[in-house]
Structure formats: structure tokens, C-alpha cells
Amino acid sequence: MSNLRPQRADIWSKYLALQVARVPSTASQPVEGSLTRMIGMTLEAMGCQAAVGDRCEVVMGDGVRVEAEVVGFASDKLFLMPTGDIHGVKPNARVIPMQQAGTIAVGPELLGRIIDGAGEPLDNLGPLKCSDKIRLTGVPINPLSRREISTPLDVGVRTINSLLTVGQGQRIGLFAGSGVGKSVLLGMMARYTSADVIVVGLIGERGREVKEFVERILGPQHRHRAVVIATPADTTPLMRMHGAWLSTAVAEYFRDQGKSVLLIMDSLTRFAQAQREIGLAIGEAPATKGYQPSVFARLPALVERAGNGAQGKGSITAFYTVLTEGDDQQDPIADAARAILDGHIVLSRRIAEAGQYPAIDVEASISRVMHEIVPESQRNLAREFRQTLSTYQQNRDLIAIGAYQRGSDPRVDVAINLWPRMQKFMQQDIQERVDYHGSVAQLNALLQG
């Protein structure tokens, strides 16, 4: 009897092993859950397993599925933010985690197309047939592997080319309030730049401006080398953030193909505001003027993806617009952007109201890499122009009321004589292109002539 017990135990263990082998493994299968609560734009799900950044499908009452992204969790609850319209969602709706989320299809087929934050076409030109896939959040580059900024990039704008020279791989902030001509200036750079590929991210702006930028400012003759990603203000906060990430990911793809890429993102402020909305929705406490700490962590994570690639790769020269509400240059986002960018160009409402476009405030603007990429002769010309401009502005009121007497100060006399020509130099029509060498030559003629 005692000899039978080990045999029975052995037979029983083999039987259990056989039954387990017959059951299909669920390790790779998504574990479904259900919605338990919805507050604002935030969905709470129970029972499903997913990581932060993963995508899930929410099955609506009529069977329609809407994607949502995991933006946080607490204990056994997941916080989801939808990417589309969720009208019709019901309590206990099914939540199904998606596999292979967080990637985007890219390829040369994107050139000349207009897409949304999910990579879907908006231009009615048919589906995209891109075969390559990359991560939406990109792959970090070792900072010691990046090439140095050593070559100027021609943007076709006289003032920037000569006085605020931009280098290939530089990241510049365009600081402006509303209605001072930032979109027109961005369009001029997109049309006249010497870059191989232009990636335009219209993040959180008015929907009307998307068509206007594409058809009137960019123009059909320049669309063949441009990719436009549009997530207007009426899209969800998550889609606005995806628009910024997707714009950067597309630029990274072309950079890795060895291309010189001009990335234009309008605007960095809307990206930060979208992250603030998400943070508030999941209960993150605000810290600085209504902005949570995660906002200031997201900004450098996005901006640092631009720049030069490793040896043998291309470059991403990025222009980020920063909205200064009420023309306040000390806005938290503006202040944070100045600290992480390689220079800033300020558009002045005072200059715009005087009818001078582009309304660039040369005195308040700076390119931090200009002294490393231009010859000494150009640096001296730019310094002389700034000093003369500053001298005139400091004595402007005295000159205007006739209180200044000619001959009192030679520097002021020179500034008065050059002022009409300096004003004309800083103005440029939207249809006028001035290349880099032409800009420097005109600056030299202005000061030396």
C-alpha cells in the first residue's frame, strides 16, 4: 500500500501538468477591464493591466471604439485620457489594452501631406502608405555623440540671417503675443529656408489658421518638401501633446536619413497648457502660477530631441513659438523656455503697431551660437548695428521733441543719420527672400557706406 502512494502522486502531477499545457497562455493577451468613473476628460478603469503611455480601446454603447492613453494610476485604478470624442460612453464600458501602442508609421510618403496627431491624413489625398515605424517619444541621443553647431542655416529673413544668425541644429524660441505677425514670419522661414525638409507642427491653434498657413503662407509650391501636423484647439489635450511629439518624431526620422530639417512648432505654450490640463485632471497639484512640476519636466524632454544628430546623421533646427500672455516676458513658460533654448527672438507689439514687419525687437533678441558660426567681420557689423540702434532708442524722446542739438554727441548724430536706412533694413515683405550672403552684404553696405 505504501508503494502505491508515490506512484499515484506521480500520476497526479503528470495529469495536472498535461491540463496546464492544454490551457493557452494569456501572458501576451491583453487583460480587459471596465470603466468605473469619469470626471471631466479623465476616465478611471478597473481590472485591466497597462503601463503609463500605453493605449487602450474604450468600447462605446453602440460598439464604436475610442482610443485612450494611460496617463496615471492609483492602486488598482488606471487613469485614461481619450484621444477622441467620447460622447455615448457608459458606466462599466469595456476597456481593452492595445498591443504595440506608442509607435507611428513614417516614411518619405509624408512629404507634402497634412496629418493629425494620430498620423491620420487630413488633406483628402488618400491613405498614407508608410512602411517604417518609430517611437512617438523618440530615442535619446548621448549628448557627447552630437555634432557641434558649426554651419549657418539660411532662413531667408534679412534681420535673422545677419543679426541673429541661426546655426544648423540650433533651437530658437520665437516669443510673441497675439497678433504681432509670428505666423507670417514662420511662413517666410518655411518658404525660404535652405533646409531639405520642413516639419510644421500647429499645436492648439485656431482651426482656421491651419488652412490659411498651408494655402496662403506656406504655398503649394513649397509643400512638396513639407510635412504639416495639425492638432487644433478643439482637439483633446492628449492629442495636442501627441501633435508635438509626432512633429518631433517625424523630424527625427528625416534627420536620421541625413537630411537638414527645419522644425517649426506653433506653439510650445499650447503644449505646456495641454500637459497642465492633464495634470489637473488626474489630481496633480499646481506649483508655479497654476502649472504643475510635470509641465516643466515635459518641456526639456521635448526640446532636447531637436538638434544635431551623431556623425553621419542630419540636423534638426527648431523654432518654437512661445506665447507671452499680455506681452509678459516673465511668464513661467516663457522663462522656462529661455533657459532650455539656444536663443530667443522677440516680436514687439510696439514695433508691429508702427507698421514694421517682421516686428523683431533686435535689442531684446539673441542667438547664443552666432559668435561661433560667423566670421569676425560679421560679428563686428552686428555689434555696431546693435550699438547704433540702442543709441537711437535711448535718445528717441529727445530727438522726437527737438530737444537734442546736432553735434552734442557724435554717436547720436550717426544714429540719427542711419535710422531711416536701419528701419528699411529691418523691414521685409512676405514675398521677398534675402539669402544669408545677401543679408550680410546689405548690412555691410548700410554701416560702411
# chains A, B, ... in the order shown; residues from 1 in each chain; ligands from 1
>>> residues_around(residues="Arg406 (chain A)", least_positions_apart="5", cutoff="12 Å", atoms="only C-alpha atoms", output="ChimeraX atom specification")
/A:398-399,411-417
>>> write_last_selection(atoms="N, CA, C and O atoms", output="PDB file, in the first residue's frame")
ATOM      1  N   LEU A 398      14.127 112.600 -26.841  1.00  0.00           N
ATOM      2  CA  LEU A 398      14.761 113.908 -27.022  1.00  0.00           C
ATOM      3  C   LEU A 398      14.758 114.307 -28.498  1.00  0.00           C
ATOM      4  O   LEU A 398      14.520 115.465 -28.843  1.00  0.00           O
ATOM      5  N   ILE A 399      15.013 113.313 -29.361  1.00  0.00           N
ATOM      6  CA  ILE A 399      15.030 113.599 -30.805  1.00  0.00           C
ATOM      7  C   ILE A 399      13.638 113.957 -31.296  1.00  0.00           C
ATOM      8  O   ILE A 399      13.441 114.881 -32.106  1.00  0.00           O
ATOM      9  N   ARG A 411      27.969 109.999 -31.537  1.00  0.00           N
ATOM     10  CA  ARG A 411      27.284 108.707 -31.671  1.00  0.00           C
ATOM     11  C   ARG A 411      25.809 108.905 -31.978  1.00  0.00           C
ATOM     12  O   ARG A 411      25.230 108.183 -32.800  1.00  0.00           O
ATOM     13  N   VAL A 412      25.188 109.880 -31.336  1.00  0.00           N
ATOM     14  CA  VAL A 412      23.775 110.154 -31.588  1.00  0.00           C
ATOM     15  C   VAL A 412      23.605 110.728 -32.996  1.00  0.00           C
ATOM     16  O   VAL A 412      22.633 110.408 -33.689  1.00  0.00           O
ATOM     17  N   ASP A 413      24.540 111.532 -33.432  1.00  0.00           N
ATOM     18  CA  ASP A 413      24.461 112.083 -34.797  1.00  0.00           C
ATOM     19  C   ASP A 413      24.484 110.966 -35.839  1.00  0.00           C
ATOM     20  O   ASP A 413      23.717 110.975 -36.807  1.00  0.00           O
ATOM     21  N   VAL A 414      25.380 109.994 -35.624  1.00  0.00           N
ATOM     22  CA  VAL A 414      25.453 108.856 -36.552  1.00  0.00           C
ATOM     23  C   VAL A 414      24.157 108.056 -36.523  1.00  0.00           C
ATOM     24  O   VAL A 414      23.636 107.638 -37.567  1.00  0.00           O
ATOM     25  N   ALA A 415      23.614 107.847 -35.310  1.00  0.00           N
ATOM     26  CA  ALA A 415      22.368 107.083 -35.181  1.00  0.00           C
ATOM     27  C   ALA A 415      21.217 107.780 -35.895  1.00  0.00           C
ATOM     28  O   ALA A 415      20.391 107.131 -36.548  1.00  0.00           O
ATOM     29  N   ILE A 416      21.152 109.105 -35.792  1.00  0.00           N
ATOM     30  CA  ILE A 416      20.079 109.855 -36.457  1.00  0.00           C
ATOM     31  C   ILE A 416      20.214 109.741 -37.977  1.00  0.00           C
ATOM     32  O   ILE A 416      19.228 109.568 -38.692  1.00  0.00           O
ATOM     33  N   ASN A 417      21.440 109.809 -38.461  1.00  0.00           N
ATOM     34  CA  ASN A 417      21.659 109.728 -39.910  1.00  0.00           C
ATOM     35  C   ASN A 417      21.313 108.330 -40.459  1.00  0.00           C
ATOM     36  O   ASN A 417      20.798 108.205 -41.573  1.00  0.00           O
TER      37      ASN A 417
END
>>> closest_atom_pairs(of="region 64-179 of chain A", to="region 239-244 of chain A", cutoff="9 Å", atoms="only C-alpha atoms", output="CSV")
residue,atom,partner,partner_atom,distance
A:Pro82,CA,A:Met239,CA,8.5
A:Thr83,CA,A:Met239,CA,5.7
A:Gly84,CA,A:Met239,CA,8.0
A:Asp116,CA,A:Gly243,CA,6.9
A:Gly117,CA,A:Gly243,CA,4.2
A:Ala118,CA,A:His242,CA,7.2
A:Gly119,CA,A:Gly243,CA,8.7
A:Leu136,CA,A:His242,CA,7.9
>>> atom_distance(atom1="CA of Asp335 (chain A)", atom2="CA of Gln170 (chain A)")
18.4 Å
>>> select_by_dssp(residues="region 226-305 of chain A", states="helix (DSSP H, G or I)", output="NGL selection string")
:A and (237-256 or 268-281 or 293-303)
>>> write_last_selection(atoms="C-alpha atoms", output="CSV table (one decimal), in the first residue's frame")
chain,number,residue,atom,x,y,z
A,237,PRO,CA,-5.3,67.8,-24.5
A,238,LEU,CA,-3.7,64.4,-25.2
A,239,MET,CA,-4.0,64.9,-29.0
A,240,ARG,CA,-2.3,68.3,-28.7
A,241,MET,CA,0.6,66.7,-26.9
A,242,HIS,CA,0.7,63.9,-29.4
A,243,GLY,CA,0.9,66.5,-32.2
A,244,ALA,CA,4.1,68.0,-30.6
A,245,TRP,CA,5.6,64.5,-30.1
A,246,LEU,CA,4.7,63.4,-33.6
A,247,SER,CA,6.1,66.6,-35.2
A,248,THR,CA,9.4,65.9,-33.4
A,249,ALA,CA,9.4,62.2,-34.2
A,250,VAL,CA,8.9,63.0,-38.0
A,251,ALA,CA,11.7,65.5,-37.8
A,252,GLU,CA,13.9,62.8,-36.1
A,253,TYR,CA,13.1,60.3,-38.8
A,254,PHE,CA,14.3,62.6,-41.6
A,255,ARG,CA,17.3,63.7,-39.6
A,256,ASP,CA,18.4,60.1,-39.3
A,268,LEU,CA,5.3,75.4,-27.2
A,269,THR,CA,2.9,77.2,-24.8
A,270,ARG,CA,-0.1,75.2,-26.0
A,271,PHE,CA,1.9,72.0,-25.5
A,272,ALA,CA,2.5,73.1,-21.9
A,273,GLN,CA,-1.1,74.0,-21.3
A,274,ALA,CA,-2.2,70.6,-22.6
A,275,GLN,CA,0.1,68.9,-20.1
A,276,ARG,CA,-1.3,71.2,-17.4
A,277,GLU,CA,-4.9,70.2,-18.2
A,278,ILE,CA,-3.9,66.5,-18.0
A,279,GLY,CA,-2.1,67.1,-14.7
A,280,LEU,CA,-5.1,68.8,-13.1
A,281,ALA,CA,-7.4,66.1,-14.4
A,293,PRO,CA,6.0,70.2,-11.9
A,294,SER,CA,5.3,67.7,-14.7
A,295,VAL,CA,4.9,70.6,-17.2
A,296,PHE,CA,8.4,71.8,-16.6
A,297,ALA,CA,9.7,68.3,-16.9
A,298,ARG,CA,8.0,67.7,-20.2
A,299,LEU,CA,9.4,70.9,-21.9
A,300,PRO,CA,13.1,69.9,-21.9
A,301,ALA,CA,12.2,66.3,-22.7
A,302,LEU,CA,10.5,67.6,-25.9
A,303,VAL,CA,13.0,70.3,-26.8
>>> atom_distance(atom1="CA of Ser162 (chain A)", atom2="CA of Arg146 (chain A)")
25.9 Å
>>> atom_distance(atom1="CA of Phe319 (chain A)", atom2="CA of Pro108 (chain A)")
22.3 Å
>>> closest_residue(among="A:Leu347, A:Leu389, A:Ile86, A:Leu144", to="Thr321 (chain A)", atoms="only C-alpha atoms")
A:Leu347
>>> select_by_dssp(residues="region 152-352 of chain A", states="strand (DSSP E or B)", output="NGL selection string")
:A and (152 or 167 or 171-176 or 197-203 or 226-231 or 260-266 or 288 or 291 or 307-308 or 315-323 or 343-347)
>>> write_last_selection(atoms="C-alpha atoms", output="compact mmCIF listing (two decimals), in the first residue's frame")
# COMPACT_ATOMS: atom_id res chain seq x y z
CA PRO A 152 24.74 78.78 -40.52
CA GLY A 167 23.06 77.51 -36.96
CA ARG A 171 16.85 75.57 -31.09
CA ILE A 172 15.34 79.04 -31.06
CA GLY A 173 12.31 80.43 -29.24
CA LEU A 174 10.03 82.91 -31.00
CA PHE A 175 8.46 84.98 -28.21
CA ALA A 176 5.36 86.91 -29.18
CA VAL A 197 12.75 69.07 -45.17
CA ILE A 198 10.29 71.29 -43.29
CA VAL A 199 8.15 69.87 -40.48
CA VAL A 200 5.41 72.19 -39.21
CA GLY A 201 3.53 71.39 -36.00
CA LEU A 202 0.41 73.53 -35.47
CA ILE A 203 -0.40 72.74 -31.85
CA ALA A 226 6.99 69.90 -46.02
CA VAL A 227 5.01 67.80 -43.55
CA VAL A 228 2.26 69.57 -41.59
CA ILE A 229 0.92 68.10 -38.34
CA ALA A 230 -2.24 69.88 -37.13
CA THR A 231 -3.95 69.43 -33.77
CA SER A 260 18.75 69.02 -42.84
CA VAL A 261 15.35 69.54 -41.16
CA LEU A 262 13.65 72.77 -40.15
CA LEU A 263 11.15 72.07 -37.37
CA ILE A 264 8.57 74.79 -36.72
CA MET A 265 6.28 74.28 -33.73
CA ASP A 266 3.47 76.71 -33.03
CA THR A 288 4.11 77.72 -10.27
CA TYR A 291 1.50 74.90 -13.71
CA GLY A 307 19.41 69.47 -32.61
CA ASN A 308 22.25 67.83 -34.50
CA SER A 315 20.23 68.01 -38.16
CA ILE A 316 17.02 69.47 -36.73
CA THR A 317 16.94 73.26 -36.50
CA ALA A 318 13.88 74.08 -34.41
CA PHE A 319 11.81 77.24 -33.97
CA TYR A 320 9.34 77.09 -31.07
CA THR A 321 6.82 79.88 -30.66
CA VAL A 322 6.17 80.92 -27.07
CA LEU A 323 3.03 82.93 -26.36
CA GLY A 343 18.46 81.74 -28.20
CA HIS A 344 15.28 83.74 -28.49
CA ILE A 345 13.73 86.16 -30.98
CA VAL A 346 11.25 88.63 -29.50
CA LEU A 347 8.45 90.12 -31.58
>>> residues_around(residues="Arg349 (chain A)", least_positions_apart="3", cutoff="10 Å", atoms="only C-alpha atoms", output="list in words")
Ala176, Gly177, Ser178, Gly179, Val180, Gly181, Asp327, Val346, Ala352, Glu353, Ala354, Gly355, Gln356, Ala359, Ile360 and Asp361 of chain A
>>> write_last_selection(atoms="N, CA and C atoms", output="PDB file, in the first residue's frame")
ATOM      1  N   ALA A 176       6.278  85.918 -28.611  1.00  0.00           N
ATOM      2  CA  ALA A 176       5.361  86.907 -29.181  1.00  0.00           C
ATOM      3  C   ALA A 176       4.009  86.810 -28.507  1.00  0.00           C
ATOM      4  N   GLY A 177       3.327  87.961 -28.446  1.00  0.00           N
ATOM      5  CA  GLY A 177       1.935  87.980 -28.049  1.00  0.00           C
ATOM      6  C   GLY A 177       1.058  87.671 -29.247  1.00  0.00           C
ATOM      7  N   SER A 178      -0.221  87.856 -29.074  1.00  0.00           N
ATOM      8  CA  SER A 178      -1.144  87.575 -30.169  1.00  0.00           C
ATOM      9  C   SER A 178      -1.197  88.756 -31.131  1.00  0.00           C
ATOM     10  N   GLY A 179      -1.244  88.446 -32.431  1.00  0.00           N
ATOM     11  CA  GLY A 179      -1.445  89.460 -33.447  1.00  0.00           C
ATOM     12  C   GLY A 179      -0.258  90.319 -33.779  1.00  0.00           C
ATOM     13  N   VAL A 180       0.966  89.798 -33.649  1.00  0.00           N
ATOM     14  CA  VAL A 180       2.153  90.589 -33.987  1.00  0.00           C
ATOM     15  C   VAL A 180       2.905  89.992 -35.172  1.00  0.00           C
ATOM     16  N   GLY A 181       2.307  89.020 -35.855  1.00  0.00           N
ATOM     17  CA  GLY A 181       2.886  88.514 -37.094  1.00  0.00           C
ATOM     18  C   GLY A 181       3.800  87.318 -36.974  1.00  0.00           C
ATOM     19  N   ASP A 327       1.886  90.154 -23.328  1.00  0.00           N
ATOM     20  CA  ASP A 327       3.266  90.593 -23.610  1.00  0.00           C
ATOM     21  C   ASP A 327       4.148  90.525 -22.374  1.00  0.00           C
ATOM     22  N   VAL A 346      12.420  87.984 -30.097  1.00  0.00           N
ATOM     23  CA  VAL A 346      11.254  88.634 -29.501  1.00  0.00           C
ATOM     24  C   VAL A 346      10.563  89.492 -30.552  1.00  0.00           C
ATOM     25  N   ALA A 352       5.266  96.336 -34.168  1.00  0.00           N
ATOM     26  CA  ALA A 352       4.196  95.934 -35.095  1.00  0.00           C
ATOM     27  C   ALA A 352       3.181  97.052 -35.278  1.00  0.00           C
ATOM     28  N   GLU A 353       2.849  97.749 -34.195  1.00  0.00           N
ATOM     29  CA  GLU A 353       1.886  98.848 -34.287  1.00  0.00           C
ATOM     30  C   GLU A 353       2.440 100.010 -35.097  1.00  0.00           C
ATOM     31  N   ALA A 354       3.759 100.097 -35.201  1.00  0.00           N
ATOM     32  CA  ALA A 354       4.381 101.142 -36.026  1.00  0.00           C
ATOM     33  C   ALA A 354       4.423 100.751 -37.498  1.00  0.00           C
ATOM     34  N   GLY A 355       3.922  99.552 -37.828  1.00  0.00           N
ATOM     35  CA  GLY A 355       3.865  99.111 -39.216  1.00  0.00           C
ATOM     36  C   GLY A 355       5.131  98.473 -39.728  1.00  0.00           C
ATOM     37  N   GLN A 356       6.054  98.056 -38.833  1.00  0.00           N
ATOM     38  CA  GLN A 356       7.295  97.427 -39.255  1.00  0.00           C
ATOM     39  C   GLN A 356       7.186  95.921 -39.106  1.00  0.00           C
ATOM     40  N   ALA A 359       8.207  92.198 -36.971  1.00  0.00           N
ATOM     41  CA  ALA A 359       8.348  93.094 -35.820  1.00  0.00           C
ATOM     42  C   ALA A 359       9.377  92.556 -34.827  1.00  0.00           C
ATOM     43  N   ILE A 360      10.591  92.332 -35.294  1.00  0.00           N
ATOM     44  CA  ILE A 360      11.632  91.752 -34.446  1.00  0.00           C
ATOM     45  C   ILE A 360      12.288  92.845 -33.606  1.00  0.00           C
ATOM     46  N   ASP A 361      12.303  92.638 -32.308  1.00  0.00           N
ATOM     47  CA  ASP A 361      12.985  93.542 -31.388  1.00  0.00           C
ATOM     48  C   ASP A 361      14.434  93.068 -31.289  1.00  0.00           C
TER      49      ASP A 361
END
>>> residues_around(residues="Ser150 (chain A)", least_positions_apart="6", cutoff="10 Å", atoms="only C-alpha atoms", output="ChimeraX atom specification")
/A:167-170,369-370,372-374
>>> write_last_selection(atoms="N, CA, C and O atoms", output="CSV table (one decimal), in the first residue's frame")
chain,number,residue,atom,x,y,z
A,167,GLY,N,22.2,78.6,-36.5
A,167,GLY,CA,23.1,77.5,-37.0
A,167,GLY,C,22.2,76.2,-37.2
A,167,GLY,O,21.2,76.0,-36.5
A,168,GLN,N,22.7,75.4,-38.0
A,168,GLN,CA,22.0,74.1,-38.2
A,168,GLN,C,22.1,73.3,-37.0
A,168,GLN,O,23.2,73.0,-36.5
A,169,GLY,N,21.0,72.9,-36.4
A,169,GLY,CA,20.9,72.2,-35.2
A,169,GLY,C,20.6,73.0,-34.0
A,169,GLY,O,20.6,72.5,-32.8
A,170,GLN,N,20.4,74.3,-34.2
A,170,GLN,CA,20.1,75.2,-33.1
A,170,GLN,C,18.6,75.2,-32.8
A,170,GLN,O,17.8,74.9,-33.6
A,369,VAL,N,24.6,81.0,-30.4
A,369,VAL,CA,25.6,80.3,-31.1
A,369,VAL,C,26.2,81.1,-32.3
A,369,VAL,O,27.1,80.7,-33.0
A,370,MET,N,25.7,82.3,-32.4
A,370,MET,CA,26.1,83.1,-33.6
A,370,MET,C,27.6,83.4,-33.6
A,370,MET,O,28.3,83.4,-34.6
A,372,GLU,N,29.9,81.7,-32.7
A,372,GLU,CA,30.7,80.5,-33.0
A,372,GLU,C,30.7,80.1,-34.5
A,372,GLU,O,31.5,79.3,-35.0
A,373,ILE,N,29.7,80.6,-35.3
A,373,ILE,CA,29.5,80.1,-36.6
A,373,ILE,C,29.6,81.2,-37.7
A,373,ILE,O,29.5,80.9,-38.9
A,374,VAL,N,29.9,82.5,-37.3
A,374,VAL,CA,30.0,83.5,-38.3
A,374,VAL,C,31.4,84.1,-38.2
A,374,VAL,O,32.0,84.0,-37.1
>>> residues_around(residues="Gly47 (chain A)", least_positions_apart="5", cutoff="8 Å", atoms="only C-alpha atoms", output="list in words")
Val31, Glu32, Gly33, Ser34, Asp76 and Lys77 of chain A
>>> write_last_selection(atoms="N, CA, C and O atoms", output="short mmCIF file (atom, residue, chain, number, x, y, z; two decimals), in the first residue's frame")
data_model
loop_
_atom_site.label_atom_id
_atom_site.label_comp_id
_atom_site.auth_asym_id
_atom_site.auth_seq_id
_atom_site.Cartn_x
_atom_site.Cartn_y
_atom_site.Cartn_z
N VAL A 31 -5.39 42.06 -20.78
CA VAL A 31 -6.35 41.82 -19.71
C VAL A 31 -7.35 42.96 -19.71
O VAL A 31 -7.00 44.10 -19.46
N GLU A 32 -8.60 42.64 -20.03
CA GLU A 32 -9.63 43.67 -20.16
C GLU A 32 -10.08 44.16 -18.79
O GLU A 32 -9.95 43.48 -17.78
N GLY A 33 -10.62 45.37 -18.79
CA GLY A 33 -11.18 45.95 -17.59
C GLY A 33 -12.47 46.68 -17.93
O GLY A 33 -13.04 46.50 -19.00
N SER A 34 -12.92 47.52 -17.01
CA SER A 34 -14.16 48.26 -17.23
C SER A 34 -14.04 49.64 -16.61
O SER A 34 -13.27 49.86 -15.67
N ASP A 76 -5.15 50.01 -7.84
CA ASP A 76 -5.56 49.15 -8.95
C ASP A 76 -6.37 49.90 -10.00
O ASP A 76 -7.00 49.29 -10.85
N LYS A 77 -6.36 51.23 -9.96
CA LYS A 77 -7.09 52.04 -10.93
C LYS A 77 -6.12 52.62 -11.97
O LYS A 77 -5.00 52.99 -11.64
#
>>> closest_residue(among="A:Lys289, A:Arg206, A:Arg37, A:Lys211", to="Asp123 (chain A)", atoms="only C-alpha atoms")
A:Lys211
>>> closest_residue(among="A:Gln311, A:Gln442, A:Asn395, A:Thr193", to="Leu218 (chain A)", atoms="only C-alpha atoms")
A:Thr193
>>> closest_residue(among="A:Arg383, A:Arg147, A:Arg350, A:Arg421", to="Ile366 (chain A)", atoms="only C-alpha atoms")
A:Arg383
>>> residues_around(residues="Met38 (chain A)", least_positions_apart="6", cutoff="10 Å", atoms="only C-alpha atoms", output="count of residues only")
7
